[in-house]
Structure formats: structure tokens, C-alpha cells
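Shown next: run.cif, given as mmCIF, C-alpha atoms.
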data_query
#
loop_
_atom_site.label_atom_id
_atom_site.label_comp_id
_atom_site.auth_asym_id
_atom_site.auth_seq_id
_atom_site.Cartn_x
_atom_site.Cartn_y
_atom_site.Cartn_z
CA MET A 1 22.94 38.21 2.32
CA LYS A 2 23.46 34.85 0.65
CA LEU A 3 20.23 33.44 -0.72
CA ALA A 4 19.19 29.85 -1.46
CA ILE A 5 16.48 29.34 -4.07
CA LEU A 6 14.67 26.01 -4.03
CA MET A 7 13.38 25.35 -7.51
CA PRO A 8 11.49 22.29 -8.75
CA ALA A 9 11.25 21.89 -12.53
CA HIS A 10 9.23 19.62 -14.75
CA ASN A 11 9.22 19.96 -18.54
CA GLU A 12 9.89 23.72 -18.45
CA GLY A 13 12.46 23.73 -21.26
CA ALA A 14 13.33 27.28 -22.34
CA ARG A 15 11.25 28.80 -19.52
CA LEU A 16 13.62 27.24 -16.97
CA LEU A 17 16.67 28.63 -18.79
CA ARG A 18 15.12 32.11 -18.93
CA THR A 19 14.21 31.97 -15.24
CA LEU A 20 17.73 30.92 -14.23
CA GLU A 21 19.26 33.56 -16.50
CA VAL A 22 17.22 36.30 -14.82
CA VAL A 23 18.25 35.02 -11.38
CA ARG A 24 21.89 34.96 -12.45
CA GLU A 25 21.72 38.53 -13.77
CA ARG A 26 20.45 39.76 -10.38
CA SER A 27 22.58 37.45 -8.21
CA THR A 28 25.20 40.06 -7.25
CA GLU A 29 22.50 42.51 -6.24
CA LEU A 30 20.93 39.73 -4.13
CA GLY A 31 24.24 39.14 -2.33
CA GLY A 32 24.90 35.79 -3.95
CA VAL A 33 22.49 33.02 -4.93
CA SER A 34 22.67 29.25 -4.88
CA VAL A 35 19.85 27.59 -6.81
CA PHE A 36 18.89 24.12 -5.61
CA LEU A 37 17.33 22.83 -8.77
CA VAL A 38 15.47 19.52 -8.93
CA ASP A 39 14.50 18.16 -12.31
CA ASP A 40 11.37 16.19 -11.55
CA GLY A 41 11.68 13.61 -14.30
CA SER A 42 11.51 16.02 -17.23
CA ASP A 43 11.45 14.62 -20.74
CA PRO A 44 13.78 15.65 -22.27
CA ARG A 45 15.85 15.75 -19.11
CA VAL A 46 17.53 18.89 -17.88
CA ILE A 47 21.26 18.87 -18.59
CA LEU A 48 23.34 20.70 -16.01
CA GLU A 49 25.90 21.86 -18.57
CA ASP A 50 23.13 23.54 -20.62
CA LEU A 51 22.12 25.75 -17.70
CA PRO A 52 23.48 29.30 -17.25
CA SER A 53 27.16 29.32 -16.35
CA PRO A 54 28.12 29.92 -12.73
CA THR A 55 29.62 33.18 -11.56
CA ALA A 56 31.19 34.24 -8.29
CA ASP A 57 27.68 35.06 -7.02
CA PHE A 58 25.66 32.38 -8.77
CA SER A 59 25.85 28.61 -8.48
CA ILE A 60 23.54 25.69 -9.13
CA VAL A 61 23.20 22.50 -7.11
CA PHE A 62 21.35 20.05 -9.27
CA ALA A 63 19.52 16.77 -8.63
CA ARG A 64 17.30 14.74 -10.87
CA HIS A 65 14.34 12.49 -10.09
CA ALA A 66 14.50 9.47 -12.36
CA ILE A 67 10.70 9.58 -12.62
CA ASN A 68 8.17 12.35 -12.25
CA LEU A 69 6.93 12.47 -8.65
CA GLY A 70 5.28 15.86 -8.36
CA GLN A 71 6.13 19.38 -7.26
CA GLY A 72 5.89 18.61 -3.55
CA ALA A 73 8.36 15.74 -3.84
CA ALA A 74 10.77 17.86 -5.88
CA LEU A 75 10.55 20.66 -3.34
CA GLU A 76 11.29 18.22 -0.53
CA THR A 77 14.36 16.97 -2.41
CA ALA A 78 15.50 20.57 -2.92
CA ARG A 79 14.92 21.22 0.79
CA GLN A 80 17.10 18.27 1.77
CA LEU A 81 19.79 19.36 -0.71
CA ALA A 82 19.82 22.89 0.70
CA LEU A 83 20.04 21.69 4.30
CA ARG A 84 23.21 19.76 3.48
CA GLU A 85 24.94 23.09 2.78
CA PRO A 86 26.18 25.75 5.22
CA GLU A 87 23.50 28.18 6.39
CA PHE A 88 22.01 30.74 4.01
CA ALA A 89 20.40 34.00 5.11
CA ALA A 90 17.12 32.91 3.54
CA TYR A 91 15.61 29.98 1.65
CA VAL A 92 13.09 30.93 -1.02
CA THR A 93 10.92 28.50 -2.98
CA MET A 94 10.30 29.66 -6.51
CA ASP A 95 8.64 28.27 -9.63
CA SER A 96 10.85 27.56 -12.62
CA ASP A 97 8.44 28.76 -15.31
CA GLY A 98 9.16 32.47 -14.96
CA GLN A 99 5.91 33.24 -13.17
CA HIS A 100 7.72 34.42 -10.07
CA GLY A 101 9.85 37.53 -10.32
CA VAL A 102 13.25 38.00 -8.71
CA ASP A 103 11.98 41.16 -7.01
CA GLY A 104 9.45 39.07 -5.11
CA ALA A 105 12.14 36.59 -4.08
CA LYS A 106 14.32 39.49 -2.95
CA HIS A 107 11.58 41.06 -0.81
CA ILE A 108 10.80 37.71 0.76
CA ALA A 109 14.48 37.04 1.48
CA GLU A 110 14.81 40.48 3.08
CA ARG A 111 11.86 39.76 5.32
CA ILE A 112 13.44 36.47 6.41
CA ALA A 113 16.80 38.15 6.98
CA ALA A 114 14.96 40.72 9.09
CA GLY A 115 13.80 38.03 11.48
CA ALA A 116 10.77 36.22 10.06
CA ASP A 117 10.83 32.42 10.06
CA VAL A 118 8.31 32.06 7.27
CA ALA A 119 7.29 34.64 4.66
CA PHE A 120 4.37 33.88 2.36
CA GLY A 121 4.09 35.76 -0.92
CA ASN A 122 0.85 37.65 -1.46
CA ARG A 123 0.09 38.07 -5.14
CA PHE A 124 -3.02 40.21 -4.66
CA VAL A 125 -1.40 43.50 -3.64
CA ALA A 126 1.58 43.96 -5.98
CA GLY A 127 0.06 44.28 -9.43
CA SER A 128 -0.15 40.61 -10.42
CA ASN A 129 -2.37 39.96 -13.44
CA VAL A 130 -4.36 37.20 -11.74
CA PRO A 131 -7.22 36.05 -14.02
CA SER A 132 -10.68 36.29 -12.45
CA GLY A 133 -11.27 32.51 -12.59
CA ARG A 134 -8.00 31.91 -10.78
CA LYS A 135 -8.89 34.60 -8.22
CA LEU A 136 -12.13 32.81 -7.41
CA LEU A 137 -10.36 29.47 -7.08
CA LEU A 138 -7.71 30.96 -4.80
CA ARG A 139 -10.35 32.65 -2.67
CA GLY A 140 -11.98 29.26 -2.10
CA ALA A 141 -8.59 27.71 -1.33
CA ARG A 142 -7.87 30.50 1.13
CA LEU A 143 -11.11 29.88 3.02
CA PHE A 144 -10.45 26.12 2.99
CA GLU A 145 -6.95 26.56 4.39
CA ARG A 146 -8.17 28.98 7.01
CA ALA A 147 -10.72 26.42 8.18
CA LEU A 148 -8.12 23.67 8.14
CA THR A 149 -5.15 25.45 9.69
CA GLY A 150 -6.54 28.49 11.50
CA LEU A 151 -4.01 30.65 9.62
CA SER A 152 -5.58 33.65 7.95
CA LEU A 153 -3.37 34.19 4.90
CA SER A 154 -4.21 36.62 2.11
CA ASP A 155 -2.97 34.22 -0.54
CA ALA A 156 -3.20 30.44 -0.66
CA HIS A 157 -0.91 28.13 -2.61
CA ASN A 158 1.57 30.80 -3.69
CA GLY A 159 4.79 28.98 -4.58
CA LEU A 160 6.88 32.06 -3.81
CA ARG A 161 7.64 31.81 -0.10
CA GLY A 162 10.63 32.01 2.17
CA PHE A 163 11.98 30.25 5.24
CA SER A 164 14.66 30.70 7.82
CA ARG A 165 16.92 27.71 8.32
CA ARG A 166 15.08 26.92 11.55
CA ALA A 167 11.73 26.83 9.75
CA LEU A 168 13.07 24.91 6.76
CA SER A 169 14.50 22.28 9.10
CA GLY A 170 11.16 21.99 10.85
CA ILE A 171 9.18 21.28 7.71
CA ARG A 172 9.02 17.92 6.04
CA ILE A 173 6.95 17.67 2.88
CA ARG A 174 5.21 14.32 2.50
CA HIS A 175 2.65 15.31 -0.12
CA ASP A 176 4.27 14.60 -3.46
CA ARG A 177 1.87 16.65 -5.53
CA MET A 178 0.16 20.03 -5.16
CA ALA A 179 -1.25 19.44 -1.67
CA HIS A 180 2.22 20.24 -0.30
CA ALA A 181 1.26 23.92 -0.14
CA THR A 182 -1.50 23.14 2.35
CA GLU A 183 0.86 20.79 4.19
CA ILE A 184 3.38 23.64 4.61
CA THR A 185 0.65 25.94 5.93
CA GLN A 186 -0.47 23.23 8.35
CA CYS A 187 3.10 22.80 9.56
CA VAL A 188 3.46 26.57 10.09
CA SER A 189 0.17 26.69 11.99
CA ARG A 190 1.49 24.00 14.35
CA SER A 191 4.63 26.05 15.12
CA PRO A 192 3.46 28.97 17.26
CA ASN A 193 7.02 30.17 17.95
CA TRP A 194 7.73 30.92 14.32
CA VAL A 195 7.43 34.51 13.16
CA VAL A 196 5.14 34.50 10.12
CA ALA A 197 4.91 37.35 7.60
CA GLU A 198 3.20 38.10 4.31
CA VAL A 199 5.08 39.91 1.57
CA PRO A 200 3.57 41.51 -1.57
CA VAL A 201 4.89 39.77 -4.68
CA CYS A 202 4.11 40.05 -8.36
CA VAL A 203 3.10 36.87 -10.16
CA GLU A 204 2.96 37.06 -13.93
CA TYR A 205 0.39 34.94 -15.71
CA ASN A 206 0.50 34.15 -19.38
CA ARG A 207 -1.07 31.52 -21.59
CA GLU A 208 1.71 28.98 -20.99
CA THR A 209 1.76 29.26 -17.22
CA LEU A 210 -2.03 29.24 -17.01
CA ALA A 211 -2.15 26.02 -19.03
CA LYS A 212 0.21 24.40 -16.55
CA GLY A 213 -1.33 25.87 -13.40
CA GLN A 214 -4.03 24.52 -11.13
CA ASN A 215 -7.69 24.51 -12.07
CA ALA A 216 -10.90 23.42 -10.36
CA ALA A 217 -10.18 19.75 -11.12
CA GLY A 218 -6.71 20.23 -9.62
CA ALA A 219 -8.31 21.64 -6.48
CA LEU A 220 -10.38 18.46 -6.16
CA THR A 221 -7.22 16.38 -6.58
CA VAL A 222 -5.59 18.38 -3.77
CA LEU A 223 -8.62 17.72 -1.58
CA GLY A 224 -8.49 14.00 -2.42
CA ASP A 225 -4.77 13.85 -1.61
CA LEU A 226 -5.29 15.60 1.72
CA LEU A 227 -8.08 13.22 2.71
CA SER A 228 -6.13 10.18 1.55
CA HIS A 229 -3.08 11.20 3.60
CA TYR A 230 -5.22 12.12 6.60
CA PHE A 231 -6.82 8.71 6.77
CA PHE A 232 -4.11 6.41 5.47
CA GLN A 233 -0.69 7.91 6.17
CA ASP A 234 1.34 7.06 9.24
CA ARG A 235 2.13 10.14 11.32
CA ALA A 236 5.79 9.17 11.75
CA MET B 237 -33.28 -22.00 -13.36
CA ASN B 238 -34.36 -18.67 -14.89
CA LEU B 239 -32.79 -16.53 -17.60
CA ALA B 240 -30.89 -14.34 -15.11
CA SER B 241 -29.31 -17.40 -13.47
CA ILE B 242 -28.20 -18.72 -16.86
CA ALA B 243 -26.72 -15.34 -17.77
CA LEU B 244 -24.86 -15.16 -14.44
CA LEU B 245 -23.51 -18.70 -14.83
CA ALA B 246 -22.39 -17.89 -18.38
CA LEU B 247 -20.60 -14.81 -17.04
CA VAL B 248 -18.87 -16.78 -14.25
CA PHE B 249 -17.70 -19.60 -16.51
CA GLY B 250 -16.81 -17.17 -19.28
CA LEU B 251 -14.55 -15.21 -16.91
CA VAL B 252 -12.92 -18.38 -15.57
CA LEU B 253 -12.29 -19.62 -19.12
CA PHE B 254 -10.89 -16.25 -20.17
CA ASP B 255 -8.53 -16.14 -17.18
CA LEU B 256 -7.48 -19.75 -17.76
CA LEU B 257 -6.48 -18.89 -21.30
CA THR B 258 -4.85 -15.52 -20.62
CA PHE B 259 -3.04 -16.42 -17.37
CA SER B 260 -1.60 -19.59 -19.01
CA GLY B 261 1.09 -20.75 -16.62
CA ARG B 262 1.33 -17.56 -14.53
CA ASN B 263 -0.25 -16.98 -11.14
CA ARG B 264 -1.56 -20.55 -10.90
CA ARG B 265 -2.45 -20.22 -7.21
CA ALA B 266 -4.42 -17.01 -7.75
CA LEU B 267 -6.25 -18.70 -10.60
CA LEU B 268 -7.04 -21.73 -8.43
CA LEU B 269 -8.41 -19.44 -5.71
CA GLU B 270 -10.54 -17.61 -8.28
CA ILE B 271 -11.93 -20.88 -9.62
CA VAL B 272 -12.85 -22.13 -6.12
CA VAL B 273 -14.59 -18.84 -5.22
CA PHE B 274 -16.37 -18.63 -8.57
CA LEU B 275 -17.55 -22.25 -8.39
CA GLY B 276 -18.95 -21.51 -4.93
CA GLY B 277 -20.77 -18.51 -6.40
CA ALA B 278 -21.99 -20.59 -9.35
CA PHE B 279 -23.39 -23.20 -6.95
CA PHE B 280 -25.54 -20.60 -5.19
CA VAL B 281 -26.63 -19.12 -8.52
CA ALA B 282 -27.69 -22.56 -9.76
CA PHE B 283 -29.31 -23.57 -6.43
CA PRO B 284 -30.57 -20.37 -4.80
CA ILE B 285 -32.72 -22.44 -2.44
CA ARG B 286 -29.51 -23.61 -0.72
CA ALA B 287 -28.45 -19.99 -0.12
CA THR B 288 -31.91 -19.20 1.28
CA ALA B 289 -31.73 -22.24 3.60
CA LEU B 290 -28.35 -21.04 4.90
CA ALA B 291 -29.72 -17.50 5.31
CA HIS B 292 -32.70 -18.75 7.34
CA LEU B 293 -30.30 -20.72 9.49
CA VAL B 294 -28.65 -17.48 10.66
CA GLY B 295 -31.82 -15.38 10.73
CA ILE B 296 -31.53 -13.56 7.37
CA GLY B 297 -34.61 -13.53 5.11
CA ARG B 298 -33.12 -13.88 1.63
CA GLY B 299 -30.30 -16.06 0.41
CA VAL B 300 -28.90 -13.27 -1.76
CA ASP B 301 -28.57 -11.02 1.31
CA PHE B 302 -26.70 -13.79 3.08
CA LEU B 303 -24.11 -13.70 0.29
CA ILE B 304 -24.02 -9.99 -0.43
CA TYR B 305 -23.60 -8.65 3.13
CA PRO B 306 -20.22 -10.31 3.79
CA ILE B 307 -19.06 -9.63 0.22
CA VAL B 308 -19.76 -5.87 0.56
CA ILE B 309 -18.03 -5.77 3.97
CA TRP B 310 -15.02 -7.64 2.59
CA LEU B 311 -14.80 -5.47 -0.54
CA THR B 312 -15.01 -2.28 1.53
CA ARG B 313 -12.18 -3.45 3.76
CA GLU B 314 -10.16 -4.57 0.75
CA SER B 315 -10.66 -1.20 -0.93
CA LEU B 316 -9.43 0.71 2.15
CA LEU B 317 -6.44 -1.58 2.64
CA THR B 318 -5.52 -1.33 -1.04
CA ARG B 319 -5.61 2.47 -0.83
CA ARG B 320 -3.35 2.40 2.21
CA ARG B 321 -0.94 -0.02 0.56
CA ARG B 322 -0.84 2.14 -2.56
CA LEU B 323 0.06 5.17 -0.47
CA GLU B 324 2.80 3.21 1.29
CA ASP B 325 4.17 2.01 -2.06
CA THR B 326 4.12 5.57 -3.40
CA GLU B 327 6.03 6.76 -0.33
CA ARG B 328 8.64 4.04 -0.81
CA MET B 329 8.99 4.95 -4.47
CA THR B 330 9.41 8.62 -3.56
CA GLU B 331 12.04 7.85 -0.94
CA LEU B 332 13.95 5.63 -3.35
CA THR B 333 13.85 8.17 -6.17
CA ARG B 334 14.89 10.94 -3.78
CA ALA B 335 17.76 8.92 -2.31
CA LEU B 336 19.06 8.30 -5.82
CA ALA B 337 18.69 11.98 -6.74
CA LEU B 338 20.51 13.13 -3.61
CA ALA B 339 23.28 10.59 -4.06
CA THR B 340 23.94 11.70 -7.62
CA ALA B 341 23.43 15.44 -7.09
CA SER B 342 26.04 17.65 -8.72
CA ARG B 343 26.94 21.28 -8.53
CA ARG B 344 27.95 23.95 -10.96
CA GLU B 345 29.94 26.80 -9.54
CA VAL B 346 32.93 28.88 -10.42
CA ASP B 347 36.28 27.05 -10.44
CA GLN B 348 34.86 23.66 -9.67
CA SER B 349 32.39 21.17 -11.05
CA ILE B 350 32.28 18.11 -8.87
CA GLY B 351 30.04 15.08 -8.59
CA ARG B 352 29.11 13.99 -5.08
#
Exercise: express the given structure as C-alpha cells:
Amino acid sequence: MKLAILMPAHNEGARLLRTLEVVRERSTELGGVSVFLVDDGSDPRVILEDLPSPTADFSIVFARHAINLGQGAALETARQLALREPEFAAYVTMDSDGQHGVDGAKHIAERIAAGADVAFGNRFVAGSNVPSGRKLLLRGARLFERALTGLSLSDAHNGLRGFSRRALSGIRIRHDRMAHATEITQCVSRSPNWVVAEVPVCVEYNRETLAKGQNAAGALTVLGDLLSHYFFQDRA
Amino acid sequence: MNLASIALLALVFGLVLFDLLTFSGRNRRALLLEIVVFLGGAFFVAFPIRATALAHLVGIGRGVDFLIYPIVIWLTRESLLTRRRRLEDTERMTELTRALALATASRREVDQSIGR
């Protein structure tokens, strides 16, 4: 099972290197991994030669945004990069800060290889140390997304998710920033033929990742972005 | 002319003077448009009776309402259009940045390291 990992990165520094190193160590067990890494205007910029060396089972395809656009934009660039390559058994989106474990990516990829078109990670059933404030925020986001999309997911805005090639080709991310997660859910809800699954994954929170993650103000920004796109964006 | 009118006129002419000095040579047409609009506003501030007469002519009670209604409508429209244009510009910027990133993407794998 050859796996594609779509990974946006912005100012992750050593965390990115550690994340890639862990993926590389497990790449043979995963059946081979290609990481589609997009540096979203990091300062200092990510240098390809500084990243973990390739092996027979591990390679990196790298692109760089000249300016910072946002995680959604970087993910869309990674998606387009991955679709230029021959088909992979599964396409998994994964954060570059070490929050997402390789085990979670593996379970998601297995679910896709078993026939699902989309597999959403669920961080609430696999021993993640989700802080209570974040739990409350995610519960509100889950209810909001359910009202918006009709999809009843256990976890909202989990960056660890997987797609078949068919599903990845059918999704186009137009929200540059964090609202892309809701956009993906909306797209899935409009595709009744896709097989959708939820997979338990472990998300590890620490002080660094919490400082970078979403908060209540971020949730308002997501809401503002969604409204702005709803009213002002062409549906092309 | 009351104190409020004098303060408003001072603000209008102060802004025009400031823009005249800071724009110096750039955006002459925008500056000219600003001066014409501001002088129109200053006229109605100095002679509010004229604004009231115009308002009565079209069935509005107060001269200030006659001026404010269309201004609010115009500003609302301008605000919405500006938001839309900003979103379009952002989309163009994203597409451009992405096209550049995709065109210069490179790969690192065993036995080869090629630029595409």
C-alpha cells in the first residue's frame, strides 16, 4: 500500500523535521510513503536539502509558497501536487507540527484502502489529551458543521483525514485559511456516493501546538470567512 | 453659522489641505474628485437652508436627511463591492502563488533529485 501524505507547513522549524523523521522511520511498515510538503511562506524558509534523506520507501515532493497564504491554500497546493503523480492507495492530510501520529495516518490509510472514499480522524476515542477548553470549542464546531452540512461527525476540524483518489479529485479547496475544514465537510456532504468513515486517531497536544492551534477568536474568523465566501465568491 | 458648522468646515478644509500636501503630484484626479465632493459638502454645511430647500422639493423634511440617505446607501454598496473585490484579489494572489509553487516544485527521492 503506497501512501501519499499531504502536509502543509508554516514556521514549524524543528517540529517539521521531527515529524518527517518519524514518518520516514515508519515508511517501510506503511508500504512506502511520498510526502507532498508545501512550505507556506515560512520564515526562515524550508530547505529541501535539510529535510530527512529519501529512502527506497520514503520520498518528498516539495513546493513553496512565496508568501504565506494559509493552511487551506497550502493543502490545496499539496492536493494538486499529489494528483500530478500516479495513483496512491490513500491520500492522508497531516499536520507538520507532530500533533498527528503515524499510527493514526496508518489506520486512516487502511480504511481508505479498504474501500472508503473519505476517512475523518476522530480524536475523542483514542486517548488524545484534548484540553477541556479545546473540547468545548470542538463540540460547538461539531454542532455548527452538522447544522451546515447535515453530516454528523464525531470530530470537527481534525486535520488528520484520508481520501481515495476519486474523493481527492472531487474536492477543490477555495478557503485559504482554517475554514477549509468546513469546506471539505461541505463537499463530502454534497457527494452522496462517497463512502465516508470515521477512524479513531490520537492527537497529542502540548504547549507549542496549543499556542499555534485554533481558539475562540479563530472560530469567529472561520465563521467570518465562511460568510464572506458564501456571499461574495463566485461558485465557478 | 453655528459652532458645529465652523468645526465641520474646519475639518473639511483641513482634510483637503492635508491631502493636497501629502498627495503632492500623485493621484491628481482622485484629489480633484475629493475637492469637488468636499466643496459640495462644505456648501451645504455653510448654507443648510439650501439643503433643506432641496429636501422639501423631493418630499424629505430635513436637509441633512436629504444628504445622508444617499450617502449611507452609496457607502453600503461601496463596502460590499470592496469586500467582493478584495476576495477576488485574494483569489488571484493565491492562484498566482500556487502556480509559481507548482512550477518550481522539486522532489527528493533515492537515486534522483530533479527540478521540474
Query raised in the report: Expanded to explicit residues, what is the PyMOL selection byres ((chain A) within 7 of (chain B)) for this file, as a PyMOL selection string?
Result: chain A and resi 54-56+59-66+69+77+81+232
Report task. Might you pull out every residue within 9 Å of Ser189 (chain A), with only C-alpha atoms counted and same-chain residues fewer than 3 positions away left off, and present them as number ranges by chain? Result -> A: 149-151, 184-186, 192, 194
Next, the residues of the selection above should be written as a PDB file, in the frame of the given file with C-alpha atoms.
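Final file, selection.pdb:
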ATOM      1  CA  THR A 149      -5.150  25.450   9.690  1.00  0.00           C
ATOM      2  CA  GLY A 150      -6.540  28.490  11.500  1.00  0.00           C
ATOM      3  CA  LEU A 151      -4.010  30.650   9.620  1.00  0.00           C
ATOM      4  CA  ILE A 184       3.380  23.640   4.610  1.00  0.00           C
ATOM      5  CA  THR A 185       0.650  25.940   5.930  1.00  0.00           C
ATOM      6  CA  GLN A 186      -0.470  23.230   8.350  1.00  0.00           C
ATOM      7  CA  PRO A 192       3.460  28.970  17.260  1.00  0.00           C
ATOM      8  CA  TRP A 194       7.730  30.920  14.320  1.00  0.00           C
TER       9      TRP A 194
END
Requested in this report: Evaluate the PyMOL selection byres ((chain A and resi 200-208) around 6) here and jot the selected residues down as a list in words.
Outcome: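 This file gives the following for the PyMOL selection byres ((chain A and resi 200-208) around 6): Gln99, His100, Gly104, Gly121, Asn122, Arg123, Val125, Ala126, Gly127, Ser128, Val199, Thr209, Leu210 and Ala211 of chain A.
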Query raised in the report: If the PyMOL selection byres ((chain A and resi 18) around 12) is run on the structure shown, which residues does it catch, given as a list in words?
Result: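 With the PyMOL selection byres ((chain A and resi 18) around 12) on this model, the match is Glu12, Gly13, Ala14, Arg15, Leu16, Leu17, Thr19, Leu20, Glu21, Val22, Val23, Arg24, Glu25, Asp50, Leu51, Pro52, Asp95, Ser96, Asp97, Gly98, Gln99, His100, Gly101 and Val102 of chain A.
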Query raised in the report: Excluding same-chain residues fewer than 3 positions from region 271-287 of chain B, what lies within 8 Å of it counting all atoms listed in the file, as a list in words?
Result: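 Neighbouring residues, sequence-local ones excluded: Met237, Ser241, Leu244, Leu245, Val248, Val252, Leu267, Leu268, Leu290, Ala291, Arg298, Gly299, Val300, Phe302 and Leu303 of chain B.
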Query - Separation of CA of Asp325 (chain B) from CA of Asn158 (chain A) in Å - result: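 That distance, rounded to one decimal, is 29.0 Å.
Considering all atoms listed in the file, the residue among A:Phe144, A:Phe58, A:Phe120, A:Phe231 positioned nearest to His107 (chain A) is A:Phe120.
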**Report entry** Length of the CA of Met178 (chain A) to CA of Glu145 (chain A) vector [Å]
**Finding:**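 We find that CA of Met178 (chain A) and CA of Glu145 (chain A) lie 13.6 Å from each other.
Of note, CA of Glu87 (chain A) and CA of His175 (chain A) are spaced 25.4 Å apart.
Here the question is which of B:Leu239, B:Asp301, B:Ser260, B:Arg328 gets nearest to Thr288 (chain B) using all atoms listed in the file, and that residue is B:Asp301.
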Query raised in the report: For the point (-7.3, 29.8, -14.4) in file coordinates, what residues are within 12 Å, counting all atoms listed in the file? Give the answer as a ChimeraX atom specification?
Result: /A:129-138,205-219
Pull C-alpha atoms from the residues just selected and write them as a PDB file, in the coordinates of the input.
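The resulting file, part-v9.pdb, is reproduced below:
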ATOM      1  CA  ASN A 129      -2.370  39.960 -13.440  1.00  0.00           C
ATOM      2  CA  VAL A 130      -4.360  37.200 -11.740  1.00  0.00           C
ATOM      3  CA  PRO A 131      -7.220  36.050 -14.020  1.00  0.00           C
ATOM      4  CA  SER A 132     -10.680  36.290 -12.450  1.00  0.00           C
ATOM      5  CA  GLY A 133     -11.270  32.510 -12.590  1.00  0.00           C
ATOM      6  CA  ARG A 134      -8.000  31.910 -10.780  1.00  0.00           C
ATOM      7  CA  LYS A 135      -8.890  34.600  -8.220  1.00  0.00           C
ATOM      8  CA  LEU A 136     -12.130  32.810  -7.410  1.00  0.00           C
ATOM      9  CA  LEU A 137     -10.360  29.470  -7.080  1.00  0.00           C
ATOM     10  CA  LEU A 138      -7.710  30.960  -4.800  1.00  0.00           C
ATOM     11  CA  TYR A 205       0.390  34.940 -15.710  1.00  0.00           C
ATOM     12  CA  ASN A 206       0.500  34.150 -19.380  1.00  0.00           C
ATOM     13  CA  ARG A 207      -1.070  31.520 -21.590  1.00  0.00           C
ATOM     14  CA  GLU A 208       1.710  28.980 -20.990  1.00  0.00           C
ATOM     15  CA  THR A 209       1.760  29.260 -17.220  1.00  0.00           C
ATOM     16  CA  LEU A 210      -2.030  29.240 -17.010  1.00  0.00           C
ATOM     17  CA  ALA A 211      -2.150  26.020 -19.030  1.00  0.00           C
ATOM     18  CA  LYS A 212       0.210  24.400 -16.550  1.00  0.00           C
ATOM     19  CA  GLY A 213      -1.330  25.870 -13.400  1.00  0.00           C
ATOM     20  CA  GLN A 214      -4.030  24.520 -11.130  1.00  0.00           C
ATOM     21  CA  ASN A 215      -7.690  24.510 -12.070  1.00  0.00           C
ATOM     22  CA  ALA A 216     -10.900  23.420 -10.360  1.00  0.00           C
ATOM     23  CA  ALA A 217     -10.180  19.750 -11.120  1.00  0.00           C
ATOM     24  CA  GLY A 218      -6.710  20.230  -9.620  1.00  0.00           C
ATOM     25  CA  ALA A 219      -8.310  21.640  -6.480  1.00  0.00           C
TER      26      ALA A 219
END
Requested in this report: Would you list the contacts of Leu256 (chain B) as a VMD selection string, taking every protein, DNA or RNA residue within 12 Å and counting all atoms listed in the file, but skipping same-chain residues closer than 5 positions in sequence?
Outcome: chain B and resid 249 to 251 261 to 268 270 to 271
Query raised in the report: Which is closer to Gly70 (chain A) than all the others in A:Arg84, A:His180, A:Arg142, A:Lys106, using all atoms listed in the file?
Result: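 Nearest to Gly70 (chain A): A:His180.
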Report task. Identify which of the residues A:Ser53, A:Ser169, A:Ser152, A:Ser27 lies closest to Asp103 (chain A), counting all atoms listed in the file when measuring atom-to-atom distances. Result ->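 The closest residue to Asp103 (chain A) is A:Ser27.
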